[in-house]
Amino acid sequence: MEINKNLFLVNAAGRKVPEYVNGIRQTPYAGVGVHLPSGQKYGPPVASCVNYPADGNKLLPDLGTALLKAGLRDGVVISTHHHFRNGDLIAQQIFDFAHAMGFKNLVWAPSASFDCHKSLIPYLEDGTIHHIEGSMNGPLGIFTSQGKMQGMGVLRSHGGRYQAIQDGELRIDIAVIAAPAADAFGNATGDRGQAACGLLGFALADSRYATAVVVITDNLVPFPCVPWQIQGNDVDFVVVQQQIGIAEKIVSGTTEITKSPDRLYIAELTARFCDEAGIVKDGFSFQSGSGGTSLAVTHYLAGIMRRKQVKARFVRGGSTKYLVQMLEEGLTDYILDGQTFDMEGVRSMRENERHVNTSPFTSYNYHGKGNFSSMLDLAILGATEVDLNFNANVATHSDGLLLHGIGGWQNCLFAKCVILPVPLFRDRIPVIKDEVTTLCGPGELIDVVITERGIAINPLRHDLIDRLKNSKLPLRSIQVLKAEADALCGVPEKPCFTDRAVAVVKWVDGSTIDTIWQIEQQ
């Protein structure tokens with residue numbers, strides 16, 4: 001009997017999700033901690049040293065040769081990583097070669113994409129690339145929202161990507177790992193070289209589980225390349241070329257403290273809330289992002305820590321110069337780095353043994369024997385939308401356009417206190433909605449929403465409400481904040497969608513939490 005692969009189900013969050021995505025049956029979201037893994041981890045084919053050079057020299061003359069020897073053919077899944085951000089030069093070269101060779105229906109599985117990857121859109125249009133299993137930011141997101149991608153996109157968190165690869169949901173045929181330094185055996189690191197980017201942790205799952213692994217570098221060093229973040233035992237081929245990344249574009253996005261008075265006030269309120277809630281104390285831990293508001297929160301937290309003479313045991317990164325300053329000043333014992341956002345972070349990782357490189361496995365993977373994120377006392381995160389039930393959205397905007405990946409956002413929701421410092425409205429569009437356009441994180445995991453016009457504590461957090469009951473902070477219900485935003489901005493019309501699903505959002509356990517729909521063209 002033929003299976004109807006156009007069926008939709010309603011998951012435990014009340015969201016309509018496809019039963020099949022790109023021909024593969026899905027598990028609908030069943031609630032936080034409900035879906036449990038079973039079986040064994042996925043494993044790549046067993047290799048033999050007989051098939052590799054006895055002297056350890058795995059060098060090949062160019063990337064094209066390596067791709068063909070790695071098994072490039074129609075329909076394979078090819079992964080890249082995003083450590084170079086807008087400075088990435090490798091993804092384009094891979095698909096230029098594949099297109100020139102006439103290969104079709106390839107699946108691109110990046111750890112994240114950036115605006116520099118909009119040049120791949122013609123290959124999505126002509127069928128060289130069938131679909132993307134990874135973030136679809138900016139132009140790629142708009143392209144997807146318009147229903148132009150042949151297959152259905154799959155968005156996962158950083159930890160969810162590791163989980164999917166480890167569990168065999170996302171089986172990578174060819175992993176191409178661009179490394180700022182490597183030896184001919186394939187040992188590789190990211191903390192040195194002309195394109196130094198810091199950590200290569202997002203490529204770790206690819207190196208361990210892909211069928212074939214290619215390391216490409218512009219800085220070949222004598223064996224051994226240490227400290228190796230990627231181990232040569234996992235690598236099939238090594239390629240050297242003149243340039244793998246544009247150094248000045250590796251630092252992209254906001255890596256400076258916001259100058260907006262409203263955002264600075266939100267950041268100050270957030271730090272004050274953390275202090276009054278008793279979170280800022282000796283030995284606490286926190287993670288905040290690299291956006292302007294999050295960096296300002298870090299700045300204000302550091303000021304409180306100096307005043308109280310307390311030290312964090314560890315801070316989680318995305319490392320930036322602000323976390324490095326805290327480390328070097330003695331405000332934290334360790335930085336546990338999952339991603340390096342600026343050159344000071346790269347320098348610190350290279351020079352300071354207390355700046356420790358980690359991976360999405362140790363930090364975020366939900367199908368592991370515990371991870372770092374649940375050990376955090378505090379996580380400071382952003383959101384495009386929040387609703388009256390504290391559900392949050394980070395993937396789409398209120399116009400329905402897919403513009404952002406998930407990154408580590410979902411994974412950090414398991415911290416002991418999760419705070420979203422967000423403006424009450426952006427461009428006259430309220431951030432607090434009756435219902436989020438796309439559900440990326442369930443409200444039961446989001447504890448506090450802090451805006452320039454007040455602070456809303458999730459009613460589930462009786463402990464926080466009790467601690468702050470005598471506070472002079474502007475505590476309000478989320479309903480009051482929404483009403484104030486609506487009074488100022490009006491209630492915007494909801495976006496109009498077709499009935500075609502263009503992408504799905506995965507939860508940290510691999511289940512499908514929501515669907516992204518094709519927008520109706522005006």
# chains A, B, ... in the order shown; residues from 1 in each chain; ligands from 1
call {"tool": "residues_around", "arguments": {"residues": "A:Ala178", "least_positions_apart": "5", "cutoff": "8 Å", "atoms": "only C-alpha atoms", "output": "number ranges by chain"}}
result
A: 80-81, 90, 215-217, 244
call {"tool": "write_last_selection", "arguments": {"atoms": "N, CA and C atoms", "output": "CSV table (one decimal), in the first residue's frame"}}
result
chain,number,residue,atom,x,y,z
A,80,THR,N,29.0,21.2,6.0
A,80,THR,CA,30.0,22.2,6.3
A,80,THR,C,29.7,22.9,7.6
A,81,HIS,N,30.7,23.7,8.1
A,81,HIS,CA,30.4,24.3,9.4
A,81,HIS,C,30.5,25.8,9.2
A,90,ILE,N,34.3,28.0,1.6
A,90,ILE,CA,34.4,26.6,1.2
A,90,ILE,C,33.0,26.1,0.6
A,215,VAL,N,39.4,17.4,5.3
A,215,VAL,CA,39.9,18.6,6.0
A,215,VAL,C,40.6,19.4,4.9
A,216,ILE,N,40.2,20.7,4.9
A,216,ILE,CA,40.8,21.6,4.0
A,216,ILE,C,41.4,22.8,4.7
A,217,THR,N,42.7,23.1,4.4
A,217,THR,CA,43.4,24.1,5.2
A,217,THR,C,44.2,25.0,4.3
A,244,ILE,N,41.0,29.7,2.9
A,244,ILE,CA,39.8,29.0,3.2
A,244,ILE,C,38.7,29.9,3.8
call {"tool": "residues_around", "arguments": {"residues": "A:Asn57", "least_positions_apart": "5", "cutoff": "9 Å", "atoms": "only C-alpha atoms", "output": "NGL selection string"}}
result
:A and (52 or 183-186 or 237-238)
call {"tool": "residues_around", "arguments": {"residues": "A:Val422", "least_positions_apart": "2", "cutoff": "9 Å", "atoms": "only C-alpha atoms", "output": "number ranges by chain"}}
result
A: 263, 266, 293, 381-385, 420, 424-425, 431, 449-452
call {"tool": "closest_residue", "arguments": {"among": "A:Cys49, A:Ile121, A:Leu140, A:Val17", "to": "A:His404", "atoms": "only C-alpha atoms"}}
result
A:Leu140
call {"tool": "residues_around", "arguments": {"residues": "stretch 346-349 of chain A", "least_positions_apart": "5", "cutoff": "7 Å", "atoms": "only C-alpha atoms", "output": "short mmCIF file (atom, residue, chain, number, x, y, z; two decimals) with C-alpha atoms, in the first residue's frame"}}
result
data_model
loop_
_atom_site.label_atom_id
_atom_site.label_comp_id
_atom_site.auth_asym_id
_atom_site.auth_seq_id
_atom_site.Cartn_x
_atom_site.Cartn_y
_atom_site.Cartn_z
CA ASP A 191 42.96 28.69 17.17
CA CYS A 197 38.45 31.29 14.13
CA GLY A 198 38.82 29.68 17.55
CA VAL A 324 37.80 37.27 28.11
CA THR A 340 34.40 31.90 19.37
CA HIS A 355 39.66 29.15 28.32
CA VAL A 356 38.49 25.64 27.52
#
call {"tool": "select_by_dssp", "arguments": {"residues": "stretch 172-220 of chain A", "states": "helix (DSSP H, G or I)", "output": "list in words"}}
result
Gly201, Phe202, Ala203, Leu204, Ala205, Asp206, Ser207, Arg208 and Tyr209 of chain A
call {"tool": "atom_distance", "arguments": {"atom1": "atom CA of A:Asp337", "atom2": "atom CA of A:Glu256"}}
result
18.3 Å
call {"tool": "select_by_dssp", "arguments": {"residues": "stretch 227-464 of chain A", "states": "strand (DSSP E)", "output": "MDAnalysis selection string"}}
result
chainID A and resid 237:240 285:288 312:319 332:340 355:357 378:380 385:387 392:393 418:421 425:426 429:430 432:433 448:451 454:457
call {"tool": "residues_around", "arguments": {"residues": "stretch 92-99 of chain A", "least_positions_apart": "5", "cutoff": "7 Å", "atoms": "only C-alpha atoms", "output": "PyMOL selection string"}}
result
chain A and resi 64+120+128
call {"tool": "residues_around", "arguments": {"residues": "A:Gln229", "least_positions_apart": "4", "cutoff": "9 Å", "atoms": "only C-alpha atoms", "output": "list in words"}}
result
Asn187, Ala188, Thr189, Gly190, Leu199, Leu200, Gly201, Leu204 and Asn357 of chain A
